[in-house]
$ cat data.pdb   # PDB, C-alpha atoms
MODEL        1
ATOM      1  CA  MET A   1    -135.717-132.757 -17.083
ATOM      2  CA  ARG A   2    -132.351-134.254 -16.256
ATOM      3  CA  VAL A   3    -131.753-137.677 -17.749
ATOM      4  CA  ILE A   4    -129.398-140.033 -15.917
ATOM      5  CA  GLU A   5    -127.558-142.351 -18.251
ATOM      6  CA  PRO A   6    -126.718-145.867 -17.054
ATOM      7  CA  VAL A   7    -123.150-146.282 -15.926
ATOM      8  CA  PRO A   8    -121.449-149.343 -17.416
ATOM      9  CA  PRO A   9    -119.708-151.791 -15.119
ATOM     10  CA  VAL A  10    -116.212-150.812 -14.157
ATOM     11  CA  ALA A  11    -113.802-153.561 -15.015
ATOM     12  CA  GLU A  12    -110.840-152.135 -13.144
ATOM     13  CA  ARG A  13    -111.096-150.577  -9.719
ATOM     14  CA  SER A  14    -108.162-149.472  -7.683
ATOM     15  CA  GLY A  15    -107.671-150.741  -4.148
ATOM     16  CA  THR A  16    -109.955-153.767  -4.482
ATOM     17  CA  SER A  17    -109.416-157.503  -4.696
ATOM     18  CA  PRO A  18    -111.694-160.433  -5.554
ATOM     19  CA  LEU A  19    -111.792-161.539  -1.913
ATOM     20  CA  ARG A  20    -112.635-158.043  -0.727
ATOM     21  CA  ASP A  21    -115.411-157.798  -3.306
ATOM     22  CA  LEU A  22    -116.890-161.122  -2.207
ATOM     23  CA  ILE A  23    -116.870-159.976   1.406
ATOM     24  CA  ALA A  24    -118.408-156.617   0.505
ATOM     25  CA  LEU A  25    -121.118-158.397  -1.477
ATOM     26  CA  VAL A  26    -122.653-159.891   1.699
ATOM     27  CA  ARG A  27    -122.513-156.543   3.553
ATOM     28  CA  PRO A  28    -120.638-157.617   6.724
ATOM     29  CA  LEU A  29    -121.590-154.430   8.570
ATOM     30  CA  HIS A  30    -125.245-155.439   8.257
ATOM     31  CA  ALA A  31    -124.544-158.533  10.335
ATOM     32  CA  ALA A  32    -125.353-156.220  13.248
ATOM     33  CA  LYS A  33    -129.037-156.683  12.394
ATOM     34  CA  SER A  34    -128.911-160.354  13.365
ATOM     35  CA  VAL A  35    -126.236-160.106  16.058
ATOM     36  CA  LEU A  36    -128.226-157.475  17.956
ATOM     37  CA  LEU A  37    -131.813-158.610  17.340
ATOM     38  CA  VAL A  38    -131.819-162.419  17.528
ATOM     39  CA  PRO A  39    -130.268-162.599  21.049
ATOM     40  CA  LEU A  40    -132.955-160.318  22.519
ATOM     41  CA  ALA A  41    -134.618-163.536  23.639
ATOM     42  CA  LEU A  42    -131.754-164.176  26.062
ATOM     43  CA  LEU A  43    -132.114-160.747  27.647
ATOM     44  CA  ASP A  44    -135.861-161.121  27.964
ATOM     45  CA  THR A  45    -135.984-164.666  29.352
ATOM     46  CA  GLY A  46    -132.689-164.744  31.236
ATOM     47  CA  GLN A  47    -131.855-168.231  29.919
ATOM     48  CA  TRP A  48    -128.069-167.953  30.000
ATOM     49  CA  THR A  49    -127.447-171.702  29.847
ATOM     50  CA  LEU A  50    -125.025-173.303  27.418
ATOM     51  CA  THR A  51    -127.939-174.951  25.640
ATOM     52  CA  ALA A  52    -129.790-171.660  25.176
ATOM     53  CA  LEU A  53    -126.633-169.884  24.060
ATOM     54  CA  GLY A  54    -125.983-172.592  21.478
ATOM     55  CA  GLN A  55    -129.549-172.418  20.184
ATOM     56  CA  VAL A  56    -129.425-168.634  19.836
ATOM     57  CA  ALA A  57    -125.998-168.824  18.167
ATOM     58  CA  TRP A  58    -127.510-171.274  15.670
ATOM     59  CA  ALA A  59    -130.344-168.803  14.980
ATOM     60  CA  VAL A  60    -127.882-165.936  14.510
ATOM     61  CA  ALA A  61    -125.774-167.995  12.098
ATOM     62  CA  GLY A  62    -128.876-168.956  10.148
ATOM     63  CA  PHE A  63    -129.948-165.356   9.683
ATOM     64  CA  LEU A  64    -126.418-164.276   8.793
ATOM     65  CA  LEU A  65    -126.371-166.807   5.956
ATOM     66  CA  ALA A  66    -129.954-166.033   4.914
ATOM     67  CA  GLY A  67    -129.243-162.301   4.909
ATOM     68  CA  ALA A  68    -126.109-162.786   2.817
ATOM     69  CA  CYS A  69    -128.090-164.777   0.244
ATOM     70  CA  VAL A  70    -130.749-162.070   0.140
ATOM     71  CA  TYR A  71    -128.177-159.304  -0.395
ATOM     72  CA  ILE A  72    -126.564-161.186  -3.275
ATOM     73  CA  GLY A  73    -129.939-161.885  -4.862
ATOM     74  CA  ASN A  74    -131.003-158.247  -4.610
ATOM     75  CA  ASP A  75    -127.723-157.028  -6.092
ATOM     76  CA  LEU A  76    -128.100-159.475  -8.973
ATOM     77  CA  LEU A  77    -131.619-158.298  -9.779
ATOM     78  CA  ASP A  78    -130.871-154.599  -9.218
ATOM     79  CA  ARG A  79    -127.454-154.368 -10.873
ATOM     80  CA  ASP A  80    -128.725-152.227 -13.745
ATOM     81  CA  ARG A  81    -130.618-149.836 -11.473
ATOM     82  CA  ASP A  82    -127.707-149.713  -9.014
ATOM     83  CA  ARG A  83    -125.533-148.250 -11.787
ATOM     84  CA  LEU A  84    -127.849-145.224 -11.751
ATOM     85  CA  HIS A  85    -127.209-144.579  -8.054
ATOM     86  CA  PRO A  86    -124.255-142.414  -6.945
ATOM     87  CA  VAL A  87    -123.331-144.813  -4.115
ATOM     88  CA  LYS A  88    -124.751-148.203  -5.086
ATOM     89  CA  ARG A  89    -122.998-148.070  -8.460
ATOM     90  CA  HIS A  90    -119.859-149.059  -6.547
ATOM     91  CA  ARG A  91    -121.336-152.310  -5.260
ATOM     92  CA  PRO A  92    -119.293-155.316  -6.460
ATOM     93  CA  ILE A  93    -121.753-156.672  -9.054
ATOM     94  CA  ALA A  94    -122.850-153.288 -10.415
ATOM     95  CA  ALA A  95    -119.236-152.140 -10.666
ATOM     96  CA  GLY A  96    -118.012-155.352 -12.287
ATOM     97  CA  GLY A  97    -115.862-156.535  -9.381
ATOM     98  CA  VAL A  98    -117.882-159.764  -9.142
ATOM     99  CA  SER A  99    -119.301-161.346 -12.283
ATOM    100  CA  VAL A 100    -122.922-162.407 -12.471
ATOM    101  CA  ARG A 101    -121.926-166.068 -12.786
ATOM    102  CA  ALA A 102    -119.623-165.867  -9.766
ATOM    103  CA  ALA A 103    -122.377-164.202  -7.730
ATOM    104  CA  TYR A 104    -124.847-166.979  -8.559
ATOM    105  CA  LEU A 105    -122.291-169.625  -7.561
ATOM    106  CA  TYR A 106    -121.491-167.722  -4.369
ATOM    107  CA  ARG A 107    -125.155-167.560  -3.409
ATOM    108  CA  ALA A 108    -125.634-171.252  -4.204
ATOM    109  CA  GLY A 109    -122.765-172.118  -1.869
ATOM    110  CA  LEU A 110    -124.224-170.020   0.943
ATOM    111  CA  LEU A 111    -127.654-171.594   0.453
ATOM    112  CA  ALA A 112    -126.059-175.020   0.701
ATOM    113  CA  LEU A 113    -124.405-174.021   3.979
ATOM    114  CA  LEU A 114    -127.746-172.733   5.249
ATOM    115  CA  ALA A 115    -129.428-176.031   4.361
ATOM    116  CA  VAL A 116    -126.751-177.929   6.273
ATOM    117  CA  LEU A 117    -127.136-175.603   9.250
ATOM    118  CA  VAL A 118    -130.890-176.198   9.353
ATOM    119  CA  ALA A 119    -130.451-179.973   8.923
ATOM    120  CA  VAL A 120    -127.992-180.327  11.816
ATOM    121  CA  GLY A 121    -129.593-177.635  13.993
ATOM    122  CA  PRO A 122    -131.032-178.130  17.485
ATOM    123  CA  GLY A 123    -134.429-179.154  16.124
ATOM    124  CA  ARG A 124    -136.163-175.956  17.188
ATOM    125  CA  PRO A 125    -138.771-174.368  14.899
ATOM    126  CA  TYR A 126    -137.122-172.392  12.137
ATOM    127  CA  TRP A 127    -140.244-171.107  10.414
ATOM    128  CA  PRO A 128    -139.235-167.439  10.971
ATOM    129  CA  LEU A 129    -136.049-168.096   8.997
ATOM    130  CA  LEU A 130    -137.977-169.738   6.154
ATOM    131  CA  ALA A 131    -140.570-166.963   6.284
ATOM    132  CA  TYR A 132    -137.769-164.422   5.999
ATOM    133  CA  LEU A 133    -136.391-166.109   2.882
ATOM    134  CA  ALA A 134    -139.843-166.431   1.287
ATOM    135  CA  LEU A 135    -140.665-162.826   2.157
ATOM    136  CA  ASN A 136    -137.490-161.579   0.531
ATOM    137  CA  VAL A 137    -138.088-163.609  -2.620
ATOM    138  CA  ALA A 138    -141.500-161.955  -2.879
ATOM    139  CA  TYR A 139    -139.907-158.601  -2.090
ATOM    140  CA  SER A 140    -137.241-158.938  -4.783
ATOM    141  CA  ARG A 141    -139.735-160.079  -7.403
ATOM    142  CA  ALA A 142    -142.698-157.821  -6.742
ATOM    143  CA  LEU A 143    -143.215-156.216  -3.324
ATOM    144  CA  LYS A 144    -140.258-153.846  -3.608
ATOM    145  CA  HIS A 145    -142.117-152.031  -6.376
ATOM    146  CA  VAL A 146    -145.290-151.440  -4.331
ATOM    147  CA  PRO A 147    -145.153-148.148  -2.370
ATOM    148  CA  LEU A 148    -145.719-148.468   1.394
ATOM    149  CA  VAL A 149    -145.768-152.272   1.144
ATOM    150  CA  ASP A 150    -142.056-152.198   0.341
ATOM    151  CA  VAL A 151    -141.062-150.530   3.614
ATOM    152  CA  GLY A 152    -143.366-152.760   5.653
ATOM    153  CA  THR A 153    -141.851-155.864   4.095
ATOM    154  CA  VAL A 154    -138.315-154.824   4.994
ATOM    155  CA  ALA A 155    -139.332-153.952   8.563
ATOM    156  CA  LEU A 156    -141.047-157.321   8.932
ATOM    157  CA  GLY A 157    -137.723-158.986   8.159
ATOM    158  CA  PHE A 158    -136.244-157.323  11.254
ATOM    159  CA  ALA A 159    -139.115-158.551  13.428
ATOM    160  CA  LEU A 160    -138.683-162.113  12.150
ATOM    161  CA  ARG A 161    -135.109-162.081  13.447
ATOM    162  CA  VAL A 162    -136.355-161.413  16.965
ATOM    163  CA  VAL A 163    -139.098-164.040  16.656
ATOM    164  CA  GLN A 164    -136.522-166.631  15.586
ATOM    165  CA  GLY A 165    -134.501-165.991  18.727
ATOM    166  CA  TYR A 166    -137.485-166.822  20.908
ATOM    167  CA  ALA A 167    -138.423-169.824  18.774
ATOM    168  CA  ALA A 168    -134.861-171.130  19.108
ATOM    169  CA  ILE A 169    -135.110-171.324  22.900
ATOM    170  CA  GLY A 170    -138.775-172.318  22.938
ATOM    171  CA  GLU A 171    -140.118-169.245  24.713
ATOM    172  CA  PRO A 172    -143.158-167.076  23.850
ATOM    173  CA  ILE A 173    -142.489-163.562  22.655
ATOM    174  CA  SER A 174    -144.095-160.336  23.818
ATOM    175  CA  GLY A 175    -146.443-158.791  21.295
ATOM    176  CA  TRP A 176    -145.398-155.293  22.362
ATOM    177  CA  LEU A 177    -141.756-156.190  21.742
ATOM    178  CA  VAL A 178    -142.584-157.298  18.203
ATOM    179  CA  VAL A 179    -144.454-154.026  17.595
ATOM    180  CA  THR A 180    -141.513-152.044  18.981
ATOM    181  CA  VAL A 181    -138.934-153.775  16.793
ATOM    182  CA  PHE A 182    -141.189-153.530  13.733
ATOM    183  CA  SER A 183    -141.905-149.824  14.213
ATOM    184  CA  LEU A 184    -138.259-148.942  14.890
ATOM    185  CA  SER A 185    -137.221-150.865  11.783
ATOM    186  CA  LEU A 186    -139.946-149.141   9.794
ATOM    187  CA  LEU A 187    -138.605-145.797  10.990
ATOM    188  CA  LEU A 188    -135.123-146.613   9.668
ATOM    189  CA  VAL A 189    -136.437-147.877   6.326
ATOM    190  CA  ILE A 190    -138.605-144.801   5.767
ATOM    191  CA  GLY A 191    -135.612-142.608   6.549
ATOM    192  CA  LYS A 192    -133.654-144.496   3.927
ATOM    193  CA  ARG A 193    -136.443-144.072   1.352
ATOM    194  CA  ARG A 194    -136.508-140.342   2.031
ATOM    195  CA  ARG A 195    -132.792-140.085   1.373
ATOM    196  CA  GLU A 196    -133.097-142.132  -1.831
ATOM    197  CA  LEU A 197    -135.910-139.881  -2.984
ATOM    198  CA  LEU A 198    -133.703-136.820  -2.557
ATOM    199  CA  GLU A 199    -130.606-138.421  -4.123
ATOM    200  CA  SER A 200    -131.770-140.337  -7.167
ATOM    201  CA  GLY A 201    -135.567-140.458  -7.311
ATOM    202  CA  PRO A 202    -137.627-143.204  -8.981
ATOM    203  CA  GLU A 203    -134.980-143.794 -11.668
ATOM    204  CA  HIS A 204    -133.253-146.079  -9.176
ATOM    205  CA  ARG A 205    -136.257-147.377  -7.194
ATOM    206  CA  PRO A 206    -139.624-147.346  -9.022
ATOM    207  CA  ALA A 207    -141.577-147.562  -5.734
ATOM    208  CA  LEU A 208    -140.392-144.045  -4.922
ATOM    209  CA  ARG A 209    -142.982-142.751  -7.394
ATOM    210  CA  GLY A 210    -145.496-143.410  -4.619
ATOM    211  CA  TYR A 211    -143.628-141.246  -2.118
ATOM    212  CA  SER A 212    -142.897-137.576  -1.649
ATOM    213  CA  VAL A 213    -140.589-135.767   0.739
ATOM    214  CA  GLU A 214    -143.643-134.444   2.578
ATOM    215  CA  LEU A 215    -145.190-137.918   2.883
ATOM    216  CA  THR A 216    -141.995-139.477   4.240
ATOM    217  CA  GLY A 217    -141.828-136.710   6.843
ATOM    218  CA  HIS A 218    -145.346-137.533   8.057
ATOM    219  CA  LEU A 219    -144.616-141.257   8.048
ATOM    220  CA  LEU A 220    -141.508-140.687  10.157
ATOM    221  CA  GLN A 221    -143.547-138.777  12.738
ATOM    222  CA  ILE A 222    -146.256-141.444  12.962
ATOM    223  CA  THR A 223    -143.759-144.293  13.191
ATOM    224  CA  SER A 224    -141.724-142.489  15.857
ATOM    225  CA  VAL A 225    -144.786-142.157  18.067
ATOM    226  CA  LEU A 226    -145.659-145.833  17.593
ATOM    227  CA  ALA A 227    -142.097-146.907  18.429
ATOM    228  CA  ALA A 228    -141.945-144.801  21.586
ATOM    229  CA  VAL A 229    -145.373-145.807  22.898
ATOM    230  CA  SER A 230    -145.021-149.532  22.189
ATOM    231  CA  GLY A 231    -141.513-149.671  23.639
ATOM    232  CA  LEU A 232    -142.527-147.960  26.881
ATOM    233  CA  ILE A 233    -145.637-150.138  27.219
ATOM    234  CA  TYR A 234    -143.437-153.214  26.784
ATOM    235  CA  LEU A 235    -141.127-152.070  29.580
ATOM    236  CA  ARG A 236    -144.047-151.324  31.875
ATOM    237  CA  SER A 237    -146.147-154.428  31.281
ATOM    238  CA  GLU A 238    -144.306-157.328  29.630
ATOM    239  CA  ALA A 239    -140.550-156.886  30.125
ATOM    240  CA  PRO A 240    -138.978-159.259  32.701
ATOM    241  CA  LEU A 241    -138.416-156.454  35.204
ATOM    242  CA  GLY A 242    -140.808-157.509  37.951
ATOM    243  CA  PRO A 243    -141.627-154.626  40.315
ATOM    244  CA  TYR A 244    -139.150-152.358  38.526
ATOM    245  CA  GLY A 245    -141.103-152.120  35.264
ATOM    246  CA  LEU A 246    -142.522-148.700  36.104
ATOM    247  CA  ALA A 247    -139.102-147.376  37.139
ATOM    248  CA  ALA A 248    -137.541-148.737  33.946
ATOM    249  CA  MET A 249    -140.237-147.074  31.850
ATOM    250  CA  LEU A 250    -139.829-143.709  33.567
ATOM    251  CA  LEU A 251    -136.021-143.740  33.475
ATOM    252  CA  SER A 252    -135.947-144.950  29.861
ATOM    253  CA  THR A 253    -138.337-142.295  28.567
ATOM    254  CA  PRO A 254    -135.794-139.425  28.206
ATOM    255  CA  PHE A 255    -133.238-141.704  26.541
ATOM    256  CA  ALA A 256    -135.794-143.189  24.143
ATOM    257  CA  LEU A 257    -137.197-139.796  23.195
ATOM    258  CA  PHE A 258    -133.776-138.249  22.683
ATOM    259  CA  ALA A 259    -132.708-141.169  20.483
ATOM    260  CA  LEU A 260    -135.794-140.687  18.316
ATOM    261  CA  PHE A 261    -135.290-136.912  18.238
ATOM    262  CA  ARG A 262    -131.666-137.344  17.225
ATOM    263  CA  TYR A 263    -132.531-139.770  14.436
ATOM    264  CA  LEU A 264    -135.190-137.441  13.080
ATOM    265  CA  GLN A 265    -132.654-134.614  13.218
ATOM    266  CA  VAL A 266    -130.162-136.702  11.249
ATOM    267  CA  VAL A 267    -132.755-137.494   8.577
ATOM    268  CA  LEU A 268    -134.745-134.262   8.352
ATOM    269  CA  VAL A 269    -132.060-131.673   9.100
ATOM    270  CA  ASP A 270    -128.664-133.203   8.373
ATOM    271  CA  GLY A 271    -129.758-135.088   5.257
ATOM    272  CA  GLY A 272    -128.677-138.490   6.562
ATOM    273  CA  GLY A 273    -130.434-141.837   6.731
ATOM    274  CA  GLY A 274    -129.157-143.276   3.456
ATOM    275  CA  ASP A 275    -127.387-146.128   5.247
ATOM    276  CA  PRO A 276    -129.362-146.765   8.458
ATOM    277  CA  VAL A 277    -127.005-149.377   9.923
ATOM    278  CA  ARG A 278    -123.861-147.330   9.401
ATOM    279  CA  GLY A 279    -125.591-144.154  10.521
ATOM    280  CA  VAL A 280    -126.933-145.617  13.766
ATOM    281  CA  LEU A 281    -123.677-147.342  14.689
ATOM    282  CA  ARG A 282    -121.473-144.327  13.978
ATOM    283  CA  ASP A 283    -123.566-141.432  15.265
ATOM    284  CA  ARG A 284    -122.138-140.256  18.606
ATOM    285  CA  GLY A 285    -125.414-138.898  19.894
ATOM    286  CA  LEU A 286    -127.225-142.170  19.244
ATOM    287  CA  ALA A 287    -124.308-144.186  20.632
ATOM    288  CA  VAL A 288    -124.217-142.257  23.917
ATOM    289  CA  THR A 289    -128.003-142.397  24.252
ATOM    290  CA  GLY A 290    -127.999-146.110  23.517
ATOM    291  CA  LEU A 291    -125.335-146.656  26.169
ATOM    292  CA  GLY A 292    -127.370-144.733  28.731
ATOM    293  CA  LEU A 293    -130.489-146.732  27.889
ATOM    294  CA  ALA A 294    -128.508-149.976  28.157
ATOM    295  CA  VAL A 295    -127.255-148.981  31.614
ATOM    296  CA  VAL A 296    -130.776-148.170  32.834
ATOM    297  CA  LEU A 297    -132.238-151.411  31.542
ATOM    298  CA  GLY A 298    -129.233-153.430  32.681
ATOM    299  CA  VAL A 299    -129.458-152.141  36.253
ATOM    300  CA  THR A 300    -133.215-152.689  36.512
ATOM    301  CA  LEU A 301    -132.870-156.172  35.019
ATOM    302  CA  LEU A 302    -130.131-156.985  37.523
ATOM    303  CA  LEU A 303    -132.273-155.815  40.418
ATOM    304  CA  ALA A 304    -135.275-157.785  39.158
ATOM    305  CA  ASN A 305    -133.251-161.020  38.898
ATOM    306  CA  HIS A 306    -131.437-160.573  42.244
ATOM    307  CA  PRO A 307    -133.962-159.517  44.911
ATOM    308  CA  SER A 308    -131.398-159.804  47.710
ATOM    309  CA  LEU A 309    -129.079-157.370  45.958
ATOM    310  CA  ALA A 310    -132.015-155.024  45.343
ATOM    311  CA  ALA A 311    -133.015-155.197  49.010
ATOM    312  CA  THR A 312    -129.455-154.413  50.082
ATOM    313  CA  LEU A 313    -128.970-151.497  47.694
ATOM    314  CA  LEU A 314    -132.407-149.958  47.988
ATOM    315  CA  GLY A 315    -132.622-150.644  51.715
ATOM    316  CA  GLY A 316    -129.283-148.919  52.208
ATOM    317  CA  ALA A 317    -130.466-146.002  50.120
ATOM    318  CA  ARG A 318    -133.400-145.514  52.437
TER
ENDMDL
END

$ encode --input "data.pdb" --output "structure tokens"
Amino acid sequence: MRVIEPVPPVAERSGTSPLRDLIALVRPLHAAKSVLLVPLALLDTGQWTLTALGQVAWAVAGFLLAGACVYIGNDLLDRDRDRLHPVKRHRPIAAGGVSVRAAYLYRAGLLALLAVLVAVGPGRPYWPLLAYLALNVAYSRALKHVPLVDVGTVALGFALRVVQGYAAIGEPISGWLVVTVFSLSLLLVIGKRRRELLESGPEHRPALRGYSVELTGHLLQITSVLAAVSGLIYLRSEAPLGPYGLAAMLLSTPFALFALFRYLQVVLVDGGGGDPVRGVLRDRGLAVTGLGLAVVLGVTLLLANHPSLAATLLGGAR
């Protein structure tokens, strides 16, 4: 049995600076989670007023700060385990680029900014933001070590971002949309667990003792089906597409299925999935498919919100 020895912090690293390490500590690329998910409420409700935009921007800023605090807290707690991982050992705290004391002060400053943001906010409910913080405290302390519960907890954090967007503008949210976001997030997290299992095993993440490569493969299949079905049902029944819901569902089906197929190919064949955010944003196949899906949904949404334009275009087509 191969024994992996802990790697001590690296005091000197070439090509880095304290400022760069502090920025890397909050994972700026992962801001896409909040920037893309929280504003879904605007697309669904069509409230493109200055007030609604300001409220959603407040929600995005809140989750950006909350997410940064969570990342710092996780890196503080996991710094010893991260030194066992071939990639995470280079994170600023594990590698010694940011001291433990500096990280605690950094997180305290961000929490203070978050408190100010909530205090001066638009007065909308911010329980999803507080639930996200409480959930991640529980995750860092205990839930991350419970197999299956760990992936569900992370996926729930994605869903709370979407819920906060709707709460910020005071609109109800579709249950099928929540299921879709949750299942898609769960798919990405399971793919990440599979990659971690192949790379470092339970030495880095104890919860991986409750997984196997075969199990993660089955979980990916089940979650993919749930994501596809719930997403298409949302488009057909609860999306703000009026009489074009059926058309949107039919036209979106090939794009949605190909995107899921491509992701499964990346994880199961190409050995990817270790960094879901980076992988999704940089994969050409997923990018092109996402663009096609955005065009389909954008056109149907435009037609639903402008009946006169729809009558002109579709009437001319006939």

$ closest_residue --input "data.pdb" --among "A:Val120, A:His204, A:Gly165, A:Leu111" --to "His145 of chain A" --atoms "all atoms listed in the file"
A:His204

$ resolve_selection --input "data.pdb" --expression "the PyMOL selection byres ((chain A and resi 247) around 12)" --output "PDB file with C-alpha atoms, keeping the file's coordinate frame"
ATOM      1  CA  LEU A 232    -142.527-147.960  26.881  1.00  0.00           C
ATOM      2  CA  LEU A 235    -141.127-152.070  29.580  1.00  0.00           C
ATOM      3  CA  ARG A 236    -144.047-151.324  31.875  1.00  0.00           C
ATOM      4  CA  SER A 237    -146.147-154.428  31.281  1.00  0.00           C
ATOM      5  CA  ALA A 239    -140.550-156.886  30.125  1.00  0.00           C
ATOM      6  CA  LEU A 241    -138.416-156.454  35.204  1.00  0.00           C
ATOM      7  CA  GLY A 242    -140.808-157.509  37.951  1.00  0.00           C
ATOM      8  CA  PRO A 243    -141.627-154.626  40.315  1.00  0.00           C
ATOM      9  CA  TYR A 244    -139.150-152.358  38.526  1.00  0.00           C
ATOM     10  CA  GLY A 245    -141.103-152.120  35.264  1.00  0.00           C
ATOM     11  CA  LEU A 246    -142.522-148.700  36.104  1.00  0.00           C
ATOM     12  CA  ALA A 248    -137.541-148.737  33.946  1.00  0.00           C
ATOM     13  CA  MET A 249    -140.237-147.074  31.850  1.00  0.00           C
ATOM     14  CA  LEU A 250    -139.829-143.709  33.567  1.00  0.00           C
ATOM     15  CA  LEU A 251    -136.021-143.740  33.475  1.00  0.00           C
ATOM     16  CA  SER A 252    -135.947-144.950  29.861  1.00  0.00           C
ATOM     17  CA  THR A 253    -138.337-142.295  28.567  1.00  0.00           C
ATOM     18  CA  VAL A 296    -130.776-148.170  32.834  1.00  0.00           C
ATOM     19  CA  LEU A 297    -132.238-151.411  31.542  1.00  0.00           C
ATOM     20  CA  VAL A 299    -129.458-152.141  36.253  1.00  0.00           C
ATOM     21  CA  THR A 300    -133.215-152.689  36.512  1.00  0.00           C
ATOM     22  CA  LEU A 301    -132.870-156.172  35.019  1.00  0.00           C
ATOM     23  CA  LEU A 303    -132.273-155.815  40.418  1.00  0.00           C
ATOM     24  CA  ALA A 304    -135.275-157.785  39.158  1.00  0.00           C
TER      25      ALA A 304
END

$ residues_around --input "data.pdb" --residues "Leu117 of chain A" --least-positions-apart "4" --cutoff "12 Å" --atoms "all atoms listed in the file" --output "PyMOL selection string"
chain A and resi 55+57-66+110-113+121-123+126+129

$ resolve_selection --input "data.pdb" --expression "the PyMOL selection byres ((chain A and resi 77-93) around 7)" --output "list in words"
Ile4, Pro6, Val7, Asp21, Leu25, Gly73, Asn74, Asp75, Leu76, Ala94, Ala95, Gly96, Gly97, Val98, Ser99, Val100, Ser200 and His204 of chain A

$ write_last_selection --input "data.pdb" --atoms "C-alpha atoms" --output "PDB file, keeping the file's coordinate frame"
ATOM      1  CA  ILE A   4    -129.398-140.033 -15.917  1.00  0.00           C
ATOM      2  CA  PRO A   6    -126.718-145.867 -17.054  1.00  0.00           C
ATOM      3  CA  VAL A   7    -123.150-146.282 -15.926  1.00  0.00           C
ATOM      4  CA  ASP A  21    -115.411-157.798  -3.306  1.00  0.00           C
ATOM      5  CA  LEU A  25    -121.118-158.397  -1.477  1.00  0.00           C
ATOM      6  CA  GLY A  73    -129.939-161.885  -4.862  1.00  0.00           C
ATOM      7  CA  ASN A  74    -131.003-158.247  -4.610  1.00  0.00           C
ATOM      8  CA  ASP A  75    -127.723-157.028  -6.092  1.00  0.00           C
ATOM      9  CA  LEU A  76    -128.100-159.475  -8.973  1.00  0.00           C
ATOM     10  CA  ALA A  94    -122.850-153.288 -10.415  1.00  0.00           C
ATOM     11  CA  ALA A  95    -119.236-152.140 -10.666  1.00  0.00           C
ATOM     12  CA  GLY A  96    -118.012-155.352 -12.287  1.00  0.00           C
ATOM     13  CA  GLY A  97    -115.862-156.535  -9.381  1.00  0.00           C
ATOM     14  CA  VAL A  98    -117.882-159.764  -9.142  1.00  0.00           C
ATOM     15  CA  SER A  99    -119.301-161.346 -12.283  1.00  0.00           C
ATOM     16  CA  VAL A 100    -122.922-162.407 -12.471  1.00  0.00           C
ATOM     17  CA  SER A 200    -131.770-140.337  -7.167  1.00  0.00           C
ATOM     18  CA  HIS A 204    -133.253-146.079  -9.176  1.00  0.00           C
TER      19      HIS A 204
END

$ resolve_selection --input "data.pdb" --expression "the PyMOL selection byres ((chain A and resi 177) around 10)" --output "mmCIF file with C-alpha atoms, in the frame of the given file"
data_model
loop_
_atom_site.group_PDB
_atom_site.id
_atom_site.type_symbol
_atom_site.label_atom_id
_atom_site.label_comp_id
_atom_site.auth_asym_id
_atom_site.auth_seq_id
_atom_site.Cartn_x
_atom_site.Cartn_y
_atom_site.Cartn_z
ATOM 1 C CA LEU A 40 -132.955 -160.318 22.519
ATOM 2 C CA ASP A 44 -135.861 -161.121 27.964
ATOM 3 C CA ALA A 159 -139.115 -158.551 13.428
ATOM 4 C CA VAL A 162 -136.355 -161.413 16.965
ATOM 5 C CA VAL A 163 -139.098 -164.040 16.656
ATOM 6 C CA ILE A 173 -142.489 -163.562 22.655
ATOM 7 C CA SER A 174 -144.095 -160.336 23.818
ATOM 8 C CA GLY A 175 -146.443 -158.791 21.295
ATOM 9 C CA TRP A 176 -145.398 -155.293 22.362
ATOM 10 C CA VAL A 178 -142.584 -157.298 18.203
ATOM 11 C CA VAL A 179 -144.454 -154.026 17.595
ATOM 12 C CA THR A 180 -141.513 -152.044 18.981
ATOM 13 C CA VAL A 181 -138.934 -153.775 16.793
ATOM 14 C CA PHE A 182 -141.189 -153.530 13.733
ATOM 15 C CA SER A 183 -141.905 -149.824 14.213
ATOM 16 C CA ALA A 227 -142.097 -146.907 18.429
ATOM 17 C CA SER A 230 -145.021 -149.532 22.189
ATOM 18 C CA GLY A 231 -141.513 -149.671 23.639
ATOM 19 C CA LEU A 232 -142.527 -147.960 26.881
ATOM 20 C CA ILE A 233 -145.637 -150.138 27.219
ATOM 21 C CA TYR A 234 -143.437 -153.214 26.784
ATOM 22 C CA LEU A 235 -141.127 -152.070 29.580
ATOM 23 C CA GLU A 238 -144.306 -157.328 29.630
ATOM 24 C CA ALA A 239 -140.550 -156.886 30.125
#

$ atom_distance --input "data.pdb" --atom1 "atom CA of Gly285 of chain A" --atom2 "atom CA of Pro240 of chain A"
27.6 Å

$ atom_distance --input "data.pdb" --atom1 "atom CA of Val269 of chain A" --atom2 "atom CA of Val295 of chain A"
28.8 Å

$ closest_residue --input "data.pdb" --among "A:Ala41, A:Val116, A:Leu148, A:Leu291" --to "Phe255 of chain A" --atoms "all atoms listed in the file"
A:Leu291

$ atom_distance --input "data.pdb" --atom1 "atom CA of Ser212 of chain A" --atom2 "atom CA of Gly157 of chain A"
24.1 Å

$ closest_residue --input "data.pdb" --among "A:Val26, A:Thr45, A:Asp283, A:Leu313" --to "Pro172 of chain A" --atoms "only C-alpha atoms"
A:Thr45

$ closest_residue --input "data.pdb" --among "A:Tyr132, A:Tyr104, A:Tyr166, A:Tyr139" --to "Leu43 of chain A" --atoms "only C-alpha atoms"
A:Tyr166

$ closest_residue --input "data.pdb" --among "A:Ala68, A:Val56, A:Ala131, A:Leu37" --to "Leu184 of chain A" --atoms "only C-alpha atoms"
A:Leu37

$ closest_residue --input "data.pdb" --among "A:Leu281, A:Ile190, A:Ala287, A:Val225" --to "Val267 of chain A" --atoms "all atoms listed in the file"
A:Ile190
